[in-house]
Amino acid sequence: MAKPDHQAMSEMRVIEDAEQRGRTDLWPFWRKAYAQGDPLPRLECKLSRPVHRFDEGDPLPEEYKGLLLKMLRHEGERAGNKSFLGLMGTCLEIAEALFPTPETKLLKAEYLAEELKHAIMFHRLAVGLQHDFALRDVPYAHYSFHLPRETWADDAFFHFFVDLNGAFHSRDWRESSYVPLQKMAATVERDELGHSEMGYYFLTEICQDRRGRILAQRILAKWYPAALDMFGRSDSPNAPKFIHWGLKSVDNAEIRRLYKEYVDRKLVALGLDVPDERKNRRFL
Amino acid sequence: MSQIVEEIRQAYARVGITLDQPAAYGTYYRLLCAGCGRMVGNVGDKLLPDMAQALVDEQFDLYASGLLGCPCGHQKERTRALDGERWKQAQQPLGA
């Protein structure tokens, strides 16, 4: 049964209040990043295309709905997606087993809380789109979600790269033709950018000493190709369809190029050497 | 056990790390120190073919120098037993 608007608003205020009380000098990491201006590049469609706009409950063209569901399957952050909850479970275990201080463990707990907020938001979106999708288990298919994490530095790279991928996609959703996604895009983008900044903060700490920097440089070779591979093949046949329907603004090659510019600048600032962009790549 | 999971299990067994029972609805596995049982990480079951072996090989000198692996030193000892010469080389540049 749908809840009245005023009740839903009240629930959001409770969540916002909880988030406010969780603020520290560091958390949420997005605050400092956005205070210095827009941290992410603009993703602008340079092709001529028809204008589409669909809201919850509107009849959707079959191809459009198929593409939207495909996109949301990849995104994965749904309360009803067992595999997402499992991934979150691994994050907790990593924090318990490998994180060095109570402060870093608490930051990871804040991260978990925020991802679970997204799981509620995407759950609502899924229910509005197709009821049986809300409970569908969709394991993350991309290998970047499955790379071994054997050190705090692995987890730091996981957040820096993988959550940033989410921030870039969310940035694109600001212009999405699917209204429920467009409405939540700014919040998800901001949070995911903050999660990436959390990983970057950890990397900054790790690179303070020589052994940490050596470790970070070595395992960067594992994470860098995976991060670039996450955007898919540059010649993906679906990309023009996503753009045509207003579900994406740019193709895989362009978003990867902008992402690479962003991460390379930050890696250099850490004192790390940027790996060869073609080495160990699986999806060019 | 899937082919990929078996590949992961074999790759880690060489350096003294045991793949635990599946956790998190069967998608992820804890990595446990084969010496003392402590959790040393986790891994998912959707690595690409041959990826697990390559990743563990790449990390040989990190285990050898103690930058990766359990604080009990089991992986450090295992890598020394596996390839003494490579193990010795790994000690110097990493400052271990």
# chains A, B, ... in the order shown; residues from 1 in each chain; ligands from 1
>>> closest_atom_pairs(of="chain B", to="chain A", cutoff="10 Å", atoms="only C-alpha atoms", output="JSON lines")
{"residue": "B:Ile8", "atom": "CA", "partner": "A:Pro148", "partner_atom": "CA", "distance": 9.8}
{"residue": "B:Ala23", "atom": "CA", "partner": "A:Gly86", "partner_atom": "CA", "distance": 7.7}
{"residue": "B:Ala24", "atom": "CA", "partner": "A:Gly86", "partner_atom": "CA", "distance": 4.0}
{"residue": "B:Tyr25", "atom": "CA", "partner": "A:Gly86", "partner_atom": "CA", "distance": 6.2}
{"residue": "B:Gly26", "atom": "CA", "partner": "A:Gly86", "partner_atom": "CA", "distance": 8.5}
{"residue": "B:Thr27", "atom": "CA", "partner": "A:Ser83", "partner_atom": "CA", "distance": 7.1}
{"residue": "B:Tyr28", "atom": "CA", "partner": "A:Thr90", "partner_atom": "CA", "distance": 7.5}
{"residue": "B:Tyr29", "atom": "CA", "partner": "A:Thr90", "partner_atom": "CA", "distance": 8.7}
{"residue": "B:Arg30", "atom": "CA", "partner": "A:Thr90", "partner_atom": "CA", "distance": 8.4}
{"residue": "B:Leu31", "atom": "CA", "partner": "A:Glu150", "partner_atom": "CA", "distance": 8.2}
{"residue": "B:Arg38", "atom": "CA", "partner": "A:Ala97", "partner_atom": "CA", "distance": 8.6}
{"residue": "B:Met39", "atom": "CA", "partner": "A:Ala97", "partner_atom": "CA", "distance": 6.5}
{"residue": "B:Val40", "atom": "CA", "partner": "A:Glu150", "partner_atom": "CA", "distance": 5.8}
{"residue": "B:Gly41", "atom": "CA", "partner": "A:Glu150", "partner_atom": "CA", "distance": 4.2}
{"residue": "B:Asn42", "atom": "CA", "partner": "A:Arg149", "partner_atom": "CA", "distance": 5.5}
{"residue": "B:Val43", "atom": "CA", "partner": "A:Pro148", "partner_atom": "CA", "distance": 4.2}
{"residue": "B:Gly44", "atom": "CA", "partner": "A:His146", "partner_atom": "CA", "distance": 3.9}
{"residue": "B:Asp45", "atom": "CA", "partner": "A:His146", "partner_atom": "CA", "distance": 6.4}
{"residue": "B:Lys46", "atom": "CA", "partner": "A:Tyr143", "partner_atom": "CA", "distance": 5.5}
{"residue": "B:Leu47", "atom": "CA", "partner": "A:Tyr143", "partner_atom": "CA", "distance": 5.0}
{"residue": "B:Leu48", "atom": "CA", "partner": "A:Tyr143", "partner_atom": "CA", "distance": 6.7}
{"residue": "B:Met51", "atom": "CA", "partner": "A:Leu147", "partner_atom": "CA", "distance": 9.3}
{"residue": "B:Ala52", "atom": "CA", "partner": "A:Leu147", "partner_atom": "CA", "distance": 8.6}
{"residue": "B:Leu55", "atom": "CA", "partner": "A:Lys222", "partner_atom": "CA", "distance": 7.4}
{"residue": "B:Val56", "atom": "CA", "partner": "A:Pro148", "partner_atom": "CA", "distance": 9.4}
{"residue": "B:Glu58", "atom": "CA", "partner": "A:Arg218", "partner_atom": "CA", "distance": 8.8}
{"residue": "B:Gln59", "atom": "CA", "partner": "A:Arg218", "partner_atom": "CA", "distance": 8.2}
{"residue": "B:Leu62", "atom": "CA", "partner": "A:Leu215", "partner_atom": "CA", "distance": 7.6}
{"residue": "B:Leu67", "atom": "CA", "partner": "A:Leu215", "partner_atom": "CA", "distance": 6.8}
{"residue": "B:Leu68", "atom": "CA", "partner": "A:Thr151", "partner_atom": "CA", "distance": 6.9}
{"residue": "B:Gly69", "atom": "CA", "partner": "A:Glu150", "partner_atom": "CA", "distance": 7.4}
{"residue": "B:Cys70", "atom": "CA", "partner": "A:Glu150", "partner_atom": "CA", "distance": 9.5}
{"residue": "B:Pro93", "atom": "CA", "partner": "A:Ile214", "partner_atom": "CA", "distance": 9.5}
{"residue": "B:Leu94", "atom": "CA", "partner": "A:Arg211", "partner_atom": "CA", "distance": 6.9}
{"residue": "B:Gly95", "atom": "CA", "partner": "A:Arg211", "partner_atom": "CA", "distance": 7.6}
{"residue": "B:Ala96", "atom": "CA", "partner": "A:Arg211", "partner_atom": "CA", "distance": 8.6}
>>> write_last_selection(atoms="N, CA and C atoms", output="CSV table (one decimal), in the first residue's frame")
chain,number,residue,atom,x,y,z
B,8,ILE,N,40.6,-20.3,-7.7
B,8,ILE,CA,41.0,-19.4,-6.6
B,8,ILE,C,41.5,-20.2,-5.5
B,23,ALA,N,30.4,-17.4,1.8
B,23,ALA,CA,29.6,-16.5,2.7
B,23,ALA,C,28.8,-15.5,1.8
B,24,ALA,N,28.1,-14.7,2.4
B,24,ALA,CA,27.4,-13.6,1.7
B,24,ALA,C,26.6,-14.2,0.5
B,25,TYR,N,25.7,-15.2,0.8
B,25,TYR,CA,24.8,-15.8,-0.2
B,25,TYR,C,25.6,-16.4,-1.3
B,26,GLY,N,26.7,-17.0,-1.0
B,26,GLY,CA,27.4,-17.8,-2.0
B,26,GLY,C,28.3,-17.0,-3.0
B,27,THR,N,28.4,-15.7,-2.9
B,27,THR,CA,29.1,-15.0,-3.9
B,27,THR,C,30.5,-14.7,-3.5
B,28,TYR,N,30.7,-14.5,-2.2
B,28,TYR,CA,32.1,-14.2,-1.7
B,28,TYR,C,32.6,-15.2,-0.7
B,29,TYR,N,33.9,-15.3,-0.6
B,29,TYR,CA,34.6,-16.3,0.2
B,29,TYR,C,35.6,-15.5,1.1
B,30,ARG,N,35.6,-15.9,2.4
B,30,ARG,CA,36.7,-15.4,3.2
B,30,ARG,C,38.0,-16.1,2.9
B,31,LEU,N,39.1,-15.4,3.0
B,31,LEU,CA,40.4,-16.0,2.9
B,31,LEU,C,41.0,-16.1,4.3
B,38,ARG,N,43.3,-17.1,11.0
B,38,ARG,CA,42.9,-15.7,11.0
B,38,ARG,C,42.4,-15.3,9.6
B,39,MET,N,41.3,-14.5,9.6
B,39,MET,CA,40.8,-13.9,8.3
B,39,MET,C,41.9,-12.9,7.8
B,40,VAL,N,42.3,-13.1,6.5
B,40,VAL,CA,43.2,-12.2,5.9
B,40,VAL,C,42.7,-11.5,4.7
B,41,GLY,N,41.4,-11.7,4.4
B,41,GLY,CA,40.8,-11.0,3.3
B,41,GLY,C,39.5,-11.7,2.8
B,42,ASN,N,39.1,-11.3,1.6
B,42,ASN,CA,38.0,-12.0,1.0
B,42,ASN,C,38.1,-11.8,-0.5
B,43,VAL,N,37.3,-12.6,-1.2
B,43,VAL,CA,37.4,-12.7,-2.7
B,43,VAL,C,36.0,-13.1,-3.2
B,44,GLY,N,35.7,-12.6,-4.4
B,44,GLY,CA,34.4,-13.0,-5.0
B,44,GLY,C,34.6,-14.1,-6.0
B,45,ASP,N,33.4,-14.7,-6.4
B,45,ASP,CA,33.5,-15.8,-7.3
B,45,ASP,C,33.4,-15.5,-8.8
B,46,LYS,N,33.5,-14.2,-9.1
B,46,LYS,CA,33.3,-13.8,-10.5
B,46,LYS,C,34.6,-13.2,-11.1
B,47,LEU,N,35.7,-13.7,-10.6
B,47,LEU,CA,37.0,-13.4,-11.3
B,47,LEU,C,37.0,-14.0,-12.7
B,48,LEU,N,37.7,-13.5,-13.6
B,48,LEU,CA,37.8,-14.1,-14.9
B,48,LEU,C,38.7,-15.3,-14.9
B,51,MET,N,42.6,-15.5,-13.8
B,51,MET,CA,42.9,-14.2,-13.1
B,51,MET,C,43.5,-14.5,-11.7
B,52,ALA,N,42.9,-15.4,-11.0
B,52,ALA,CA,43.3,-15.6,-9.6
B,52,ALA,C,44.8,-16.0,-9.5
B,55,LEU,N,47.0,-13.0,-10.2
B,55,LEU,CA,47.0,-12.0,-9.1
B,55,LEU,C,47.9,-12.5,-7.9
B,56,VAL,N,47.7,-13.8,-7.6
B,56,VAL,CA,48.5,-14.3,-6.4
B,56,VAL,C,50.0,-14.3,-6.8
B,58,GLU,N,51.5,-12.3,-8.8
B,58,GLU,CA,52.0,-10.9,-8.8
B,58,GLU,C,52.3,-10.4,-7.4
B,59,GLN,N,51.6,-11.1,-6.4
B,59,GLN,CA,51.7,-10.6,-5.1
B,59,GLN,C,52.8,-11.4,-4.3
B,62,LEU,N,55.1,-9.5,-2.2
B,62,LEU,CA,54.4,-8.8,-1.1
B,62,LEU,C,54.1,-9.8,0.1
B,67,LEU,N,54.4,-7.6,3.5
B,67,LEU,CA,53.5,-6.5,3.3
B,67,LEU,C,52.0,-7.0,3.1
B,68,LEU,N,51.9,-8.2,2.7
B,68,LEU,CA,50.6,-8.9,2.6
B,68,LEU,C,50.7,-10.2,3.4
B,69,GLY,N,49.6,-10.7,3.9
B,69,GLY,CA,49.6,-11.9,4.6
B,69,GLY,C,49.3,-11.8,6.1
B,70,CYS,N,49.2,-12.9,6.8
B,70,CYS,CA,48.9,-12.9,8.2
B,70,CYS,C,50.0,-12.4,9.1
B,93,PRO,N,64.3,-4.7,-1.9
B,93,PRO,CA,63.8,-3.5,-2.4
B,93,PRO,C,62.6,-3.0,-1.5
B,94,LEU,N,61.9,-3.9,-0.8
B,94,LEU,CA,60.8,-3.5,0.0
B,94,LEU,C,61.2,-3.1,1.4
B,95,GLY,N,62.4,-3.2,1.7
B,95,GLY,CA,62.9,-2.7,3.0
B,95,GLY,C,62.4,-3.6,4.2
B,96,ALA,N,62.1,-4.8,3.9
B,96,ALA,CA,61.6,-5.7,5.0
B,96,ALA,C,62.7,-6.2,5.8
>>> atom_distance(atom1="atom CA of Gln91 of chain B", atom2="atom CA of Glu277 of chain A")
28.9 Å
>>> residues_around(residues="Arg78 of chain A", least_positions_apart="3", cutoff="8 Å", atoms="only C-alpha atoms", output="VMD selection string")
chain A and resid 81 84 118 to 123 126 134
>>> select_by_dssp(residues="chain B", states="strand (DSSP E)", output="list of chain:residue names")
B:Ile17, B:Thr18, B:Leu19, B:Asp20, B:Gln21, B:Pro22, B:Ala23, B:Tyr28, B:Tyr29, B:Arg30, B:Leu31, B:Leu32, B:Cys33, B:Met39, B:Val40, B:Gly41, B:Asn42, B:Val43, B:Gly44
>>> residues_around(residues="segment 63-70 of chain A", least_positions_apart="5", cutoff="9 Å", atoms="only C-alpha atoms", output="PyMOL selection string")
chain A and resi 75+126+129-130+133+178+238+241-242+245+247
>>> select_by_dssp(residues="chain B", states="alpha helix (DSSP H)", output="PyMOL selection string")
chain B and resi 3-14+51-58+60-65+74-82+84-91
>>> residues_around(residues="Gln208 of chain A", least_positions_apart="6", cutoff="12 Å", atoms="only C-alpha atoms", output="ChimeraX atom specification")
/A:201-202,214-216,270-272
>>> write_last_selection(atoms="C-alpha atoms", output="CSV table (one decimal), in the first residue's frame")
chain,number,residue,atom,x,y,z
A,201,TYR,CA,41.6,9.6,2.5
A,202,PHE,CA,42.6,6.1,3.5
A,214,ILE,CA,55.2,0.7,-2.0
A,215,LEU,CA,52.2,-1.5,-1.1
A,216,ALA,CA,49.8,1.0,-2.7
A,270,LEU,CA,49.4,10.8,-3.9
A,271,GLY,CA,52.9,10.4,-5.3
A,272,LEU,CA,51.9,7.2,-7.2
>>> residues_around(residues="segment 71-84 of chain B", least_positions_apart="4", cutoff="9 Å", atoms="only C-alpha atoms", output="CSV table (one decimal) with C-alpha atoms, in the first residue's frame")
chain,number,residue,atom,x,y,z
B,14,ARG,CA,50.1,-22.3,-2.8
B,15,VAL,CA,50.9,-19.3,-0.6
B,16,GLY,CA,49.3,-20.7,2.6
B,17,ILE,CA,45.9,-19.2,2.4
B,33,CYS,CA,45.5,-18.0,7.0
B,34,ALA,CA,46.3,-21.7,6.7
B,35,GLY,CA,48.7,-21.4,9.6
B,36,CYS,CA,46.5,-19.9,12.3
B,38,ARG,CA,42.9,-15.7,11.0
B,60,PHE,CA,54.4,-13.2,-4.3
B,61,ASP,CA,57.0,-10.7,-3.1
B,62,LEU,CA,54.4,-8.8,-1.1
B,63,TYR,CA,53.7,-12.0,0.9
B,64,ALA,CA,57.5,-12.7,1.0
B,65,SER,CA,58.2,-9.3,2.5
B,66,GLY,CA,55.3,-9.4,4.9
B,88,LYS,CA,65.4,-13.4,-0.9
B,89,GLN,CA,65.2,-10.7,-3.6
>>> atom_distance(atom1="atom CA of His52 of chain A", atom2="atom CA of Trp173 of chain A")
13.5 Å
>>> atom_distance(atom1="atom CA of Glu197 of chain A", atom2="atom CA of Glu254 of chain A")
22.4 Å
